[in-house]
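Trainee: Contents are TSV, C-alpha atoms and all ligand atoms; file name coords14.tsv:
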```tsv
chain	number	residue	atom	x	y	z
S	382	MET	CA	-98.06	-6.81	6.60
S	383	LYS	CA	-96.50	-3.46	5.79
S	384	MET	CA	-98.90	-0.77	4.58
S	385	THR	CA	-97.67	1.36	1.72
S	386	PHE	CA	-98.96	4.07	-0.62
S	387	ARG	CA	-98.12	4.60	-4.29
S	388	TRP	CA	-96.45	7.91	-5.07
S	389	PHE	CA	-95.61	9.29	-8.51
S	390	GLY	CA	-92.88	11.64	-7.36
S	391	GLU	CA	-92.53	15.36	-6.74
S	392	LYS	CA	-93.07	16.35	-10.37
S	393	ASP	CA	-95.82	13.92	-11.34
S	394	ASP	CA	-98.07	13.64	-8.32
S	395	SER	CA	-100.58	16.05	-6.85
S	396	ILE	CA	-99.94	14.46	-3.45
S	397	GLY	CA	-96.94	15.25	-1.29
S	398	LEU	CA	-94.88	12.98	0.95
S	399	GLU	CA	-95.88	15.07	3.99
S	400	GLN	CA	-99.52	14.17	3.27
S	401	ILE	CA	-98.75	10.48	2.82
S	402	ARG	CA	-96.91	10.49	6.10
S	403	GLN	CA	-100.06	11.57	7.92
S	404	ILE	CA	-102.14	8.59	6.77
S	405	PRO	CA	-102.34	6.31	9.82
S	406	GLY	CA	-100.30	3.14	9.54
S	407	VAL	CA	-98.41	3.93	6.34
S	408	THR	CA	-94.75	3.06	6.64
S	409	GLY	CA	-93.58	3.17	3.07
S	410	VAL	CA	-93.95	4.63	-0.35
S	411	VAL	CA	-94.22	2.63	-3.56
S	412	GLY	CA	-92.19	4.73	-5.96
S	413	ALA	CA	-90.56	4.82	-9.36
S	414	LEU	CA	-88.46	7.01	-11.63
S	415	TYR	CA	-90.74	8.37	-14.29
S	416	ASP	CA	-88.18	10.19	-16.39
S	417	VAL	CA	-86.04	7.21	-17.36
S	418	PRO	CA	-87.15	5.86	-20.76
S	419	VAL	CA	-88.25	2.22	-20.83
S	420	GLY	CA	-85.26	-0.05	-21.40
S	421	GLU	CA	-82.59	2.25	-19.95
S	422	VAL	CA	-80.64	1.70	-16.75
S	423	TRP	CA	-82.04	3.51	-13.71
S	424	PRO	CA	-79.10	5.68	-12.66
S	425	MET	CA	-77.75	5.51	-9.13
S	426	ASP	CA	-77.90	9.28	-8.52
S	427	LYS	CA	-81.62	9.49	-9.33
S	428	ILE	CA	-82.46	6.39	-7.31
S	429	THR	CA	-80.52	7.71	-4.33
S	430	ALA	CA	-82.23	11.10	-4.56
S	431	LEU	CA	-85.65	9.42	-4.58
S	432	ARG	CA	-84.74	7.21	-1.60
S	433	ASP	CA	-83.39	10.22	0.32
S	434	SER	CA	-86.50	12.33	-0.24
S	435	VAL	CA	-88.75	9.46	0.89
S	436	GLU	CA	-86.65	8.77	4.00
S	437	LYS	CA	-86.50	12.46	4.86
S	438	ALA	CA	-90.29	12.31	5.13
S	439	GLY	CA	-89.99	9.45	7.63
S	440	LEU	CA	-91.03	6.80	5.13
S	441	LYS	CA	-89.32	3.84	3.45
S	442	LEU	CA	-88.71	3.08	-0.20
S	443	GLU	CA	-88.68	-0.71	-0.33
S	444	VAL	CA	-91.06	-1.29	-3.24
S	445	ILE	CA	-90.76	-0.05	-6.81
S	446	GLU	CA	-93.71	0.00	-9.18
S	447	SER	CA	-92.82	-0.38	-11.96
S	448	VAL	CA	-89.56	-0.99	-13.68
S	449	ASN	CA	-91.24	-1.38	-17.04
S	450	VAL	CA	-90.12	-4.15	-19.36
S	451	HIS	CA	-89.05	-3.09	-22.85
S	452	GLU	CA	-91.41	-4.25	-25.61
S	453	ASP	CA	-88.51	-6.06	-27.37
S	454	ILE	CA	-88.20	-8.37	-24.34
S	455	LYS	CA	-91.90	-9.19	-24.48
S	456	LEU	CA	-91.64	-9.71	-28.23
S	457	GLY	CA	-88.52	-11.87	-27.87
S	458	LEU	CA	-86.52	-9.84	-30.41
S	459	PRO	CA	-82.73	-10.28	-30.66
S	460	SER	CA	-82.28	-6.77	-29.20
S	461	ARG	CA	-83.79	-8.04	-25.94
S	462	ASP	CA	-80.40	-9.05	-24.52
S	463	LYS	CA	-79.22	-5.47	-24.34
S	464	TYR	CA	-82.43	-4.44	-22.54
S	465	ILE	CA	-82.19	-7.39	-20.15
S	466	GLU	CA	-78.63	-6.37	-19.33
S	467	ASN	CA	-79.90	-2.88	-18.51
S	468	TYR	CA	-82.72	-4.33	-16.41
S	469	ARG	CA	-80.18	-6.38	-14.43
S	470	GLN	CA	-78.22	-3.23	-13.72
S	471	SER	CA	-81.36	-1.42	-12.55
S	472	ILE	CA	-82.08	-4.31	-10.15
S	473	ILE	CA	-78.55	-4.13	-8.75
S	474	ASN	CA	-78.78	-0.35	-8.35
S	475	LEU	CA	-82.16	-0.56	-6.62
S	476	GLY	CA	-80.89	-3.24	-4.25
S	477	LYS	CA	-78.11	-0.89	-3.16
S	478	VAL	CA	-80.57	1.65	-1.72
S	479	GLY	CA	-82.61	-0.97	0.16
S	480	VAL	CA	-85.33	-1.81	-2.35
S	481	LYS	CA	-86.74	-5.27	-1.66
S	482	VAL	CA	-89.49	-5.76	-4.27
S	483	ILE	CA	-89.94	-4.72	-7.89
S	484	CYS	CA	-93.48	-4.84	-9.27
S	485	TYR	CA	-93.60	-5.12	-13.06
S	486	ASN	CA	-95.97	-6.37	-15.72
S	487	PHE	CA	-95.71	-8.36	-18.91
S	488	MET	CA	-98.73	-7.03	-20.77
S	489	PRO	CA	-98.19	-6.45	-24.49
S	490	ILE	CA	-98.30	-2.73	-25.33
S	491	PHE	CA	-100.91	-1.62	-22.80
S	492	ASP	CA	-100.92	-1.45	-19.05
S	493	TRP	CA	-104.36	-1.40	-17.44
S	494	LEU	CA	-107.24	-0.43	-19.62
S	495	ARG	CA	-110.53	1.36	-18.98
S	496	ASN	CA	-113.01	3.06	-21.27
S	497	ASP	CA	-114.04	5.71	-18.74
S	498	LEU	CA	-111.75	7.35	-16.19
S	499	ALA	CA	-114.49	9.36	-14.51
S	500	TYR	CA	-117.60	7.19	-14.43
S	501	PRO	CA	-120.17	9.00	-12.26
S	502	LEU	CA	-121.40	7.18	-9.16
S	503	PRO	CA	-124.73	8.00	-7.46
S	504	ASP	CA	-123.04	9.72	-4.50
S	505	GLY	CA	-121.45	12.34	-6.78
S	506	SER	CA	-117.98	10.75	-6.81
S	507	ASN	CA	-116.48	9.13	-9.89
S	508	ALA	CA	-114.34	6.10	-10.60
S	509	LEU	CA	-112.62	4.13	-13.35
S	510	CYS	CA	-114.92	1.97	-15.42
S	511	TYR	CA	-114.57	-0.91	-17.88
S	512	ASN	CA	-117.30	-2.06	-20.25
S	513	HIS	CA	-116.23	-4.80	-22.64
S	514	ALA	CA	-119.18	-4.13	-24.96
S	515	ILE	CA	-117.59	-0.74	-25.66
S	516	VAL	CA	-113.93	-1.69	-25.50
S	517	LYS	CA	-114.09	-4.66	-27.84
S	518	ASP	CA	-115.07	-2.55	-30.88
S	519	ILE	CA	-112.89	0.42	-30.16
S	520	ASP	CA	-109.84	1.42	-32.18
S	521	PRO	CA	-107.02	1.14	-29.62
S	522	VAL	CA	-105.20	4.20	-30.95
S	523	LYS	CA	-108.32	6.28	-30.51
S	524	LEU	CA	-108.97	4.87	-27.05
S	525	VAL	CA	-105.52	5.92	-25.89
S	526	GLU	CA	-105.91	9.41	-27.34
S	527	ASP	CA	-109.33	9.93	-25.79
S	528	THR	CA	-108.31	8.60	-22.42
S	529	ALA	CA	-105.23	10.81	-22.34
S	530	LYS	CA	-107.52	13.82	-22.81
S	531	SER	CA	-109.68	12.89	-19.84
S	532	SER	CA	-106.94	12.08	-17.37
S	533	ASN	CA	-106.59	15.46	-15.67
S	534	GLY	CA	-103.36	16.16	-17.53
S	535	PHE	CA	-101.50	13.16	-16.12
S	536	THR	CA	-99.88	10.44	-18.19
S	537	LEU	CA	-101.22	7.08	-17.14
S	538	PRO	CA	-98.70	4.46	-15.97
S	539	GLY	CA	-97.34	2.48	-18.87
S	540	TRP	CA	-98.97	4.78	-21.39
S	541	GLU	CA	-96.02	7.05	-22.00
S	542	PRO	CA	-96.37	9.08	-25.25
S	543	GLU	CA	-93.06	7.80	-26.66
S	544	ARG	CA	-94.28	4.21	-26.48
S	545	LEU	CA	-97.65	4.98	-27.94
S	546	SER	CA	-96.33	6.85	-30.96
S	547	GLU	CA	-95.21	3.53	-32.40
S	548	LEU	CA	-98.46	1.79	-31.58
S	549	LYS	CA	-99.40	0.53	-35.04
S	550	ASP	CA	-95.94	-0.80	-35.76
S	551	THR	CA	-95.83	-2.66	-32.44
S	552	PHE	CA	-99.22	-4.23	-33.11
S	553	GLU	CA	-97.78	-5.66	-36.34
S	554	LYS	CA	-94.88	-7.24	-34.48
S	555	TYR	CA	-97.24	-9.01	-32.05
S	556	LYS	CA	-98.83	-10.94	-34.90
S	557	ASN	CA	-96.25	-13.69	-34.33
S	558	VAL	CA	-96.61	-13.80	-30.55
S	559	ASP	CA	-99.25	-16.04	-29.01
S	560	GLU	CA	-99.69	-17.01	-25.36
S	561	ASP	CA	-97.07	-19.76	-25.43
S	562	LYS	CA	-94.54	-17.50	-27.08
S	563	LEU	CA	-95.22	-14.79	-24.50
S	564	PHE	CA	-94.66	-17.34	-21.71
S	565	ASP	CA	-91.37	-18.36	-23.38
S	566	ASN	CA	-90.28	-14.74	-23.56
S	567	LEU	CA	-91.17	-14.21	-19.91
S	568	LYS	CA	-89.19	-17.31	-18.95
S	569	TYR	CA	-86.16	-16.08	-20.88
S	570	PHE	CA	-86.41	-12.71	-19.13
S	571	LEU	CA	-86.76	-14.24	-15.66
S	572	GLU	CA	-83.97	-16.75	-16.16
S	573	ASN	CA	-81.62	-14.04	-17.25
S	574	ILE	CA	-82.32	-11.59	-14.44
S	575	LEU	CA	-82.41	-14.19	-11.64
S	576	SER	CA	-78.74	-13.94	-10.64
S	577	ALA	CA	-79.04	-10.14	-10.42
S	578	CYS	CA	-82.08	-10.53	-8.12
S	579	GLU	CA	-80.19	-12.96	-5.92
S	580	GLU	CA	-77.13	-10.75	-5.75
S	581	ALA	CA	-79.18	-7.65	-4.92
S	582	ASP	CA	-81.74	-9.53	-2.81
S	583	VAL	CA	-84.57	-7.93	-4.77
S	584	LYS	CA	-87.72	-9.97	-5.41
S	585	MET	CA	-89.67	-9.65	-8.65
S	586	ALA	CA	-93.46	-9.45	-8.29
S	587	ILE	CA	-95.38	-9.61	-11.55
S	588	HIS	CA	-98.62	-7.62	-11.74
S	589	PRO	CA	-101.62	-9.43	-13.24
S	590	ASP	CA	-103.08	-8.30	-16.53
S	591	ASP	CA	-105.86	-5.79	-16.17
S	592	PRO	CA	-108.43	-6.74	-17.30
S	593	PRO	CA	-107.42	-10.42	-17.22
S	594	TRP	CA	-108.36	-11.41	-20.77
S	595	PRO	CA	-106.91	-10.79	-24.25
S	596	LEU	CA	-107.68	-7.45	-25.88
S	597	PHE	CA	-107.35	-6.16	-29.45
S	598	GLY	CA	-105.97	-9.54	-30.52
S	599	LEU	CA	-103.00	-9.21	-28.14
S	600	PRO	CA	-102.21	-12.16	-25.86
S	601	ARG	CA	-102.46	-11.78	-22.09
S	602	ILE	CA	-101.07	-14.43	-19.78
S	603	VAL	CA	-101.21	-13.28	-16.14
S	604	THR	CA	-104.90	-13.90	-15.85
S	605	CYS	CA	-105.92	-16.92	-13.75
S	606	LYS	CA	-104.81	-19.52	-11.22
S	607	GLU	CA	-103.60	-21.98	-13.84
S	608	ASN	CA	-101.44	-19.38	-15.55
S	609	LEU	CA	-100.12	-18.05	-12.24
S	610	GLU	CA	-99.08	-21.59	-11.40
S	611	ARG	CA	-97.35	-21.93	-14.77
S	612	LEU	CA	-95.65	-18.61	-14.15
S	613	VAL	CA	-94.21	-19.41	-10.71
S	614	LYS	CA	-92.87	-22.66	-12.15
S	615	LEU	CA	-91.13	-20.94	-15.08
S	616	VAL	CA	-88.33	-20.19	-12.69
S	617	ASP	CA	-88.73	-21.98	-9.40
S	618	SER	CA	-87.33	-19.38	-7.06
S	619	PRO	CA	-88.81	-17.03	-4.45
S	620	TYR	CA	-87.32	-14.18	-6.52
S	621	ASN	CA	-89.92	-14.99	-9.15
S	622	GLY	CA	-93.03	-13.85	-7.32
S	623	LEU	CA	-96.40	-12.16	-7.65
S	624	THR	CA	-98.18	-8.91	-7.02
S	625	LEU	CA	-101.61	-10.20	-6.09
S	626	CYS	CA	-103.93	-7.46	-7.36
S	627	SER	CA	-107.50	-8.12	-6.22
S	628	GLY	CA	-109.01	-5.66	-8.70
S	629	SER	CA	-107.17	-6.96	-11.76
S	630	LEU	CA	-107.62	-10.70	-11.20
S	631	GLY	CA	-111.03	-10.21	-9.58
S	632	ALA	CA	-112.45	-8.66	-12.78
S	633	ASN	CA	-112.95	-12.28	-13.77
S	634	PRO	CA	-115.41	-13.66	-11.20
S	635	GLU	CA	-113.93	-17.14	-11.71
S	636	ASN	CA	-110.82	-15.96	-9.89
S	637	ASN	CA	-111.44	-16.47	-6.19
S	638	ILE	CA	-109.13	-13.86	-4.64
S	639	PRO	CA	-108.97	-15.16	-1.03
S	640	GLU	CA	-108.24	-18.65	-2.39
S	641	LEU	CA	-105.46	-17.34	-4.65
S	642	ILE	CA	-103.93	-15.44	-1.72
S	643	ARG	CA	-103.93	-18.57	0.42
S	644	TYR	CA	-102.60	-20.80	-2.34
S	645	PHE	CA	-99.73	-18.68	-3.64
S	646	GLY	CA	-99.12	-17.09	-0.24
S	647	LYS	CA	-98.41	-20.47	1.34
S	648	MET	CA	-95.88	-21.06	-1.45
S	649	GLY	CA	-94.14	-17.85	-0.37
S	650	ARG	CA	-94.63	-16.31	-3.78
S	651	ILE	CA	-96.73	-13.23	-2.95
S	652	HIS	CA	-94.47	-10.26	-2.25
S	653	PHE	CA	-96.91	-7.43	-2.79
S	654	GLY	CA	-100.68	-7.15	-2.38
S	655	HIS	CA	-102.84	-4.61	-4.20
S	656	VAL	CA	-106.17	-4.38	-2.46
S	657	ARG	CA	-109.08	-2.77	-4.25
S	658	ASN	CA	-112.80	-3.35	-4.71
S	659	LEU	CA	-114.97	-3.09	-7.79
S	660	LYS	CA	-118.62	-3.51	-8.64
S	661	PHE	CA	-119.95	-5.55	-11.53
S	662	PHE	CA	-122.93	-4.28	-13.49
S	663	GLY	CA	-123.00	-7.02	-16.12
S	664	GLU	CA	-120.67	-9.52	-17.72
S	665	ARG	CA	-117.23	-7.97	-18.20
S	666	LYS	CA	-118.65	-4.69	-17.00
S	667	PHE	CA	-117.47	-3.10	-13.80
S	668	HIS	CA	-116.70	0.17	-12.18
S	669	GLU	CA	-114.26	0.60	-9.34
S	670	SER	CA	-115.70	1.44	-5.94
S	671	SER	CA	-114.62	2.50	-2.49
S	672	HIS	CA	-112.74	-0.23	-0.64
S	673	LEU	CA	-115.75	-1.04	1.60
S	674	SER	CA	-117.13	-4.57	0.98
S	675	SER	CA	-120.74	-3.37	0.76
S	676	ASP	CA	-119.88	-0.79	-1.93
S	677	GLY	CA	-118.44	-3.37	-4.32
S	678	SER	CA	-118.57	-7.02	-5.30
S	679	PHE	CA	-115.67	-8.34	-3.20
S	680	ASP	CA	-115.61	-9.43	0.42
S	681	MET	CA	-112.71	-7.35	1.71
S	682	TYR	CA	-112.84	-9.04	5.11
S	683	GLU	CA	-112.17	-12.41	3.45
S	684	ILE	CA	-109.32	-10.91	1.43
S	685	MET	CA	-107.61	-9.41	4.49
S	686	LYS	CA	-108.31	-12.57	6.51
S	687	ALA	CA	-106.54	-14.63	3.84
S	688	TYR	CA	-103.47	-12.38	4.10
S	689	TYR	CA	-103.66	-12.61	7.88
S	690	ASP	CA	-103.98	-16.39	7.92
S	691	ILE	CA	-100.95	-16.95	5.69
S	692	GLY	CA	-98.94	-14.79	8.09
S	693	PHE	CA	-98.29	-12.24	5.36
S	694	THR	CA	-95.30	-10.03	6.18
S	695	GLY	CA	-94.96	-8.45	2.73
S	696	TYR	CA	-96.17	-5.13	1.38
S	697	ILE	CA	-99.78	-4.09	0.83
S	698	ARG	CA	-101.19	-0.99	-0.74
S	699	PRO	CA	-104.68	0.24	-1.47
S	700	ASP	CA	-105.09	0.25	-5.22
S	701	HIS	CA	-107.19	2.65	-7.24
S	702	GLY	CA	-109.60	4.88	-5.37
S	703	ARG	CA	-112.53	7.01	-6.47
S	704	MET	CA	-112.25	10.75	-7.00
S	705	ILE	CA	-114.10	12.32	-4.07
S	706	TRP	CA	-114.52	15.66	-2.31
S	707	GLY	CA	-113.74	17.57	-5.52
S	708	GLU	CA	-110.16	16.35	-5.66
S	709	LYS	CA	-108.30	16.82	-8.96
S	710	ALA	CA	-105.67	14.13	-9.25
S	711	ARG	CA	-104.39	11.35	-11.46
S	712	PRO	CA	-107.37	9.05	-12.17
S	713	GLY	CA	-107.45	6.22	-9.63
S	714	TYR	CA	-104.70	7.84	-7.60
S	715	GLY	CA	-106.23	10.60	-5.52
S	716	LEU	CA	-105.34	11.04	-1.87
S	717	TYR	CA	-108.69	10.93	-0.13
S	718	ASP	CA	-110.30	7.69	-1.20
S	719	ARG	CA	-107.06	5.73	-1.00
S	720	ALA	CA	-106.43	7.12	2.50
S	721	LEU	CA	-109.95	6.06	3.52
S	722	GLY	CA	-109.17	2.66	2.01
S	723	ILE	CA	-106.08	2.34	4.18
S	724	ALA	CA	-107.96	3.27	7.34
S	725	TYR	CA	-110.54	0.61	6.53
S	726	LEU	CA	-108.02	-2.12	5.66
S	727	ASN	CA	-106.07	-1.37	8.83
S	728	GLY	CA	-109.32	-1.60	10.80
S	729	LEU	CA	-110.11	-4.98	9.32
S	730	TRP	CA	-106.59	-6.18	10.10
S	731	GLU	CA	-106.74	-5.04	13.73
S	732	ALA	CA	-110.13	-6.69	14.23
S	733	ILE	CA	-108.98	-9.95	12.65
S	734	ASP	CA	-105.84	-9.89	14.77
S	735	LYS	CA	-107.73	-9.26	18.02
S	736	LEU	CA	-110.35	-11.87	17.28
S	737	THR	CA	-107.72	-14.43	16.34
S	738	ASN	CA	-105.15	-14.11	19.05
S	739	GLY	CA	-106.15	-11.18	21.21
S	740	GLY	CA	-103.81	-8.89	19.26
S	741	LYS	CA	-100.64	-10.43	20.69
S	801	LIG	C1	-101.44	-0.62	-11.27
S	801	LIG	C2	-100.77	-1.06	-12.54
S	801	LIG	O1	-102.75	1.18	-11.48
S	801	LIG	C3	-102.71	-0.03	-11.53
S	801	LIG	O2	-103.61	-0.82	-11.74
S	801	LIG	O3	-101.67	-1.62	-10.37
S	801	LIG	O4	-100.75	-0.02	-13.46
S	801	LIG	C4	-99.38	-1.49	-12.22
S	801	LIG	O5	-98.69	-0.39	-11.73
S	801	LIG	C5	-98.60	-2.02	-13.36
S	801	LIG	O6	-99.33	-2.92	-14.12
S	801	LIG	C6	-97.36	-2.70	-12.83
S	801	LIG	O7	-96.44	-2.79	-13.82
S	802	MN	MN	-102.93	-3.31	-9.13
```
Now, as a test, write the supplied structure out as structure tokens.
Ligand code: CS2
Ligand code: MN
Mentor:
Amino acid sequence: MKMTFRWFGEKDDSIGLEQIRQIPGVTGVVGALYDVPVGEVWPMDKITALRDSVEKAGLKLEVIESVNVHEDIKLGLPSRDKYIENYRQSIINLGKVGVKVICYNFMPIFDWLRNDLAYPLPDGSNALCYNHAIVKDIDPVKLVEDTAKSSNGFTLPGWEPERLSELKDTFEKYKNVDEDKLFDNLKYFLENILSACEEADVKMAIHPDDPPWPLFGLPRIVTCKENLERLVKLVDSPYNGLTLCSGSLGANPENNIPELIRYFGKMGRIHFGHVRNLKFFGERKFHESSHLSSDGSFDMYEIMKAYYDIGFTGYIRPDHGRMIWGEKARPGYGLYDRALGIAYLNGLWEAIDKLTNGGK
């Protein structure tokens, strides 16, 4: 396993590469270009500059999260072909600088969704929180506006203002798209980018829907074992793989995360692991927690053991962390709690390794 850390770039992150470099065991950064509008080709000069700055700090840039998929591709509109062509070119360009994995998602309109970005925890820290009883009745336009106000001045991933300005119009267009149609559109996308992935040797790793159930009448398909199975079969190639996000899939307690890791890992379809913990406080109600098993509802030992047992050599990163020690950062993406998460995950890994084969 290769431990990585998500970084939003010099302009958009409160954390610097020199800080990331000092987290024990981190070898790479999970990066992206945030100033290229969705649907456009990622230009070579910007990609190269990003790679160079990461390498100058002694780190690697082998994972991108995300190259976002244009809404017209998800909707299956005739204009999708032009955007798929651009996506193919971005894959080729990324392959040229040594990128190995692209994490992306296929969620209509929204990326991850929470109703509170600073839910207070008893120890004085705060974390992201989701309460379906609140979210289900909320006007999505209002939710986005309110959340933007409480996000410490950062734009949340996938929630770029230019996409959200057309929110109502896009909702209309989704009226004709159900789950099966969304699967068809994903298949069309994957089939048409496959040869670019092969040529560039870049593996696609779809991120699960977060939370893993439909919202605001929009379909969501990357939600459970059955759908993941359907997804990997859409295009039967290792280039069509998964980002196994414990926090996203795990929000539905029916998803057994260690089992999913073993099942899809043995198929060779997991290219990227997001490891995070959360705590349930009711049905479809949870707040995120520190990575420690006893602080949340997941057994992190079992999750890391599953990765260990499948001989996982792909990329792992801690996912969202709490905001602790007075840090002001992008919600979910502060330095301190994610760095603590890494230390803990590395500790679990070392212990599992030593207990299993003496660390050889
Ligand atoms: C991330 C997602 O913060 C998160 O939960 O894991 O936003 C992820 O970056 C996207 O869904 C991938 O496209
Ligand atoms: Mn994730």
Trainee: For atom CA of Arg402 of chain S and atom CA of Lys584 of chain S, quote the distance in Å rounded to one decimal.
Mentor: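 If I compute the distance from atom CA of Arg402 of chain S to atom CA of Lys584 of chain S, I get 25.2 Å.
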Trainee: Taking all atoms listed in the file into account, which residues are within 7 Å of ligand MN 802 (chain S), as a PyMOL selection string?
Mentor: chain S and resi 588+626+628-629+655+700
Trainee: Name the residues, by chain letter and number, that sit within 6 Å of ligand LIG 801 (chain S) using all atoms listed in the file, and give them as a count of residues only.
Mentor: 9
Trainee: Considering all atoms listed in the file, return as a list in words whatever protein or nucleic-acid residues lie within 10 Å of Lys441 of chain S, sequence-local ones (same chain, fewer than 3 positions apart) excluded.
Mentor: Thr385, Val407, Thr408, Gly409, Val410, Val411, Gly412, Arg432, Asp433, Ser434, Val435, Glu436, Lys437, Ala438, Val444, Gly479 and Val480 of chain S
Trainee: Segment 613-624 of chain S: which residues within 8 Å, counting all atoms listed in the file, same-chain residues fewer than 5 positions away excluded, as a list in words?
Mentor: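 Residues near the query, excluding close chain neighbours: Cys484, Lys568, Leu571, Glu572, Leu575, Cys578, Glu579, Val583, Lys584, Met585, Ala586, Ile587, His588, Pro589, Gly649, Arg650, Ile651, His652, Phe653, Gly654 and His655 of chain S.
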Trainee: Which residues of segment 578-665 of chain S come within 10 Å of segment 547-561 of chain S, and what is each one's closest atom pair and distance in Å (one decimal), counting only C-alpha atoms, sorted by chain and residue number, as a Markdown table?
Mentor:
```
| residue | atom | partner | partner_atom | distance |
| --- | --- | --- | --- | --- |
| S:Pro595 | CA | S:Glu560 | CA | 9.6 |
| S:Phe597 | CA | S:Phe552 | CA | 9.1 |
| S:Gly598 | CA | S:Lys556 | CA | 8.5 |
| S:Leu599 | CA | S:Tyr555 | CA | 7.0 |
| S:Pro600 | CA | S:Glu560 | CA | 5.5 |
| S:Arg601 | CA | S:Glu560 | CA | 6.8 |
| S:Ile602 | CA | S:Glu560 | CA | 6.3 |
```
Trainee: Work out how far atom CA of Ala687 of chain S is from atom CA of Arg643 of chain S, in Å to one decimal.
Mentor: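 Separating atom CA of Arg643 of chain S from atom CA of Ala687 of chain S is a distance of 5.8 Å.
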Trainee: If you measure from atom CA of Val656 of chain S to atom CA of Gly713 of chain S, what distance in Å do you get, rounded to one decimal?
Mentor: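 So the answer is 12.9 Å.
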Trainee: Could you name the residues that touch segment 668-680 of chain S at 6 Å or less, counting only C-alpha atoms, but leaving out those on the same chain fewer than 5 positions away, as a compact mmCIF listing (two decimals) with C-alpha atoms, in the frame of the given file?
Mentor:
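Final output, saved to out02.txt:
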```
# COMPACT_ATOMS: atom_id res chain seq x y z
CA ALA S 508 -114.34 6.10 -10.60
CA LEU S 509 -112.62 4.13 -13.35
CA CYS S 510 -114.92 1.97 -15.42
CA ARG S 657 -109.08 -2.77 -4.25
CA ASN S 658 -112.80 -3.35 -4.71
CA LEU S 659 -114.97 -3.09 -7.79
CA LYS S 660 -118.62 -3.51 -8.64
CA GLY S 722 -109.17 2.66 2.01
```
Trainee: Which of these, S:Val525, S:Val448, S:Met704, S:Leu498, has the shortest distance to Asn512 of chain S once you count all atoms listed in the file?
Mentor: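 Among S:Val525, S:Val448, S:Met704, S:Leu498, it is S:Leu498 that comes nearest to Asn512 of chain S.
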Trainee: Using all atoms listed in the file, which residues sit within 12 Å of Gln403 of chain S once same-chain residues fewer than 3 positions away are excluded, as a list in words?
Mentor: Phe386, Ile396, Gly397, Leu398, Glu399, Gln400, Gly406, Val407, Thr408, Gly409, Ala438, Gly439, Leu440, Leu716, Tyr717, Ala720, Ile723 and Ala724 of chain S
Trainee: Quick one: everything within 8 Å of Leu729 of chain S, counting only C-alpha atoms, minus sequence neighbours fewer than 4 positions away in the same chain. Send it as a ChimeraX atom specification.
Mentor: /S:682,685,725,733
Trainee: Can I get N, CA and C atoms for segment 642-653 of chain S, as a PDB file, in the first residue's frame?
Mentor:
```
ATOM      1  N   ILE S 642     -13.890  -4.890   0.349  1.00  0.00           N
ATOM      2  CA  ILE S 642     -12.461  -4.760   0.013  1.00  0.00           C
ATOM      3  C   ILE S 642     -11.919  -6.114  -0.449  1.00  0.00           C
ATOM      4  N   ARG S 643     -12.271  -7.150   0.304  1.00  0.00           N
ATOM      5  CA  ARG S 643     -11.776  -8.491  -0.075  1.00  0.00           C
ATOM      6  C   ARG S 643     -12.332  -8.922  -1.428  1.00  0.00           C
ATOM      7  N   TYR S 644     -13.618  -8.683  -1.629  1.00  0.00           N
ATOM      8  CA  TYR S 644     -14.284  -9.168  -2.836  1.00  0.00           C
ATOM      9  C   TYR S 644     -13.764  -8.472  -4.100  1.00  0.00           C
ATOM     10  N   PHE S 645     -13.804  -7.133  -4.087  1.00  0.00           N
ATOM     11  CA  PHE S 645     -13.385  -6.421  -5.296  1.00  0.00           C
ATOM     12  C   PHE S 645     -11.861  -6.317  -5.392  1.00  0.00           C
ATOM     13  N   GLY S 646     -11.199  -6.405  -4.224  1.00  0.00           N
ATOM     14  CA  GLY S 646      -9.738  -6.392  -4.220  1.00  0.00           C
ATOM     15  C   GLY S 646      -9.178  -7.639  -4.892  1.00  0.00           C
ATOM     16  N   LYS S 647      -9.786  -8.781  -4.598  1.00  0.00           N
ATOM     17  CA  LYS S 647      -9.302 -10.033  -5.209  1.00  0.00           C
ATOM     18  C   LYS S 647      -9.505 -10.012  -6.710  1.00  0.00           C
ATOM     19  N   MET S 648     -10.520  -9.250  -7.170  1.00  0.00           N
ATOM     20  CA  MET S 648     -10.739  -9.111  -8.619  1.00  0.00           C
ATOM     21  C   MET S 648      -9.726  -8.168  -9.259  1.00  0.00           C
ATOM     22  N   GLY S 649      -8.933  -7.488  -8.413  1.00  0.00           N
ATOM     23  CA  GLY S 649      -7.962  -6.526  -8.937  1.00  0.00           C
ATOM     24  C   GLY S 649      -8.604  -5.230  -9.389  1.00  0.00           C
ATOM     25  N   ARG S 650      -9.757  -4.916  -8.810  1.00  0.00           N
ATOM     26  CA  ARG S 650     -10.466  -3.721  -9.285  1.00  0.00           C
ATOM     27  C   ARG S 650     -10.394  -2.530  -8.322  1.00  0.00           C
ATOM     28  N   ILE S 651      -9.741  -2.693  -7.168  1.00  0.00           N
ATOM     29  CA  ILE S 651      -9.606  -1.526  -6.284  1.00  0.00           C
ATOM     30  C   ILE S 651      -8.241  -0.881  -6.546  1.00  0.00           C
ATOM     31  N   HIS S 652      -8.272   0.368  -6.973  1.00  0.00           N
ATOM     32  CA  HIS S 652      -7.015   1.062  -7.260  1.00  0.00           C
ATOM     33  C   HIS S 652      -6.687   2.121  -6.223  1.00  0.00           C
ATOM     34  N   PHE S 653      -7.700   2.472  -5.437  1.00  0.00           N
ATOM     35  CA  PHE S 653      -7.525   3.592  -4.503  1.00  0.00           C
ATOM     36  C   PHE S 653      -8.445   3.324  -3.316  1.00  0.00           C
TER      37      PHE S 653
END
```
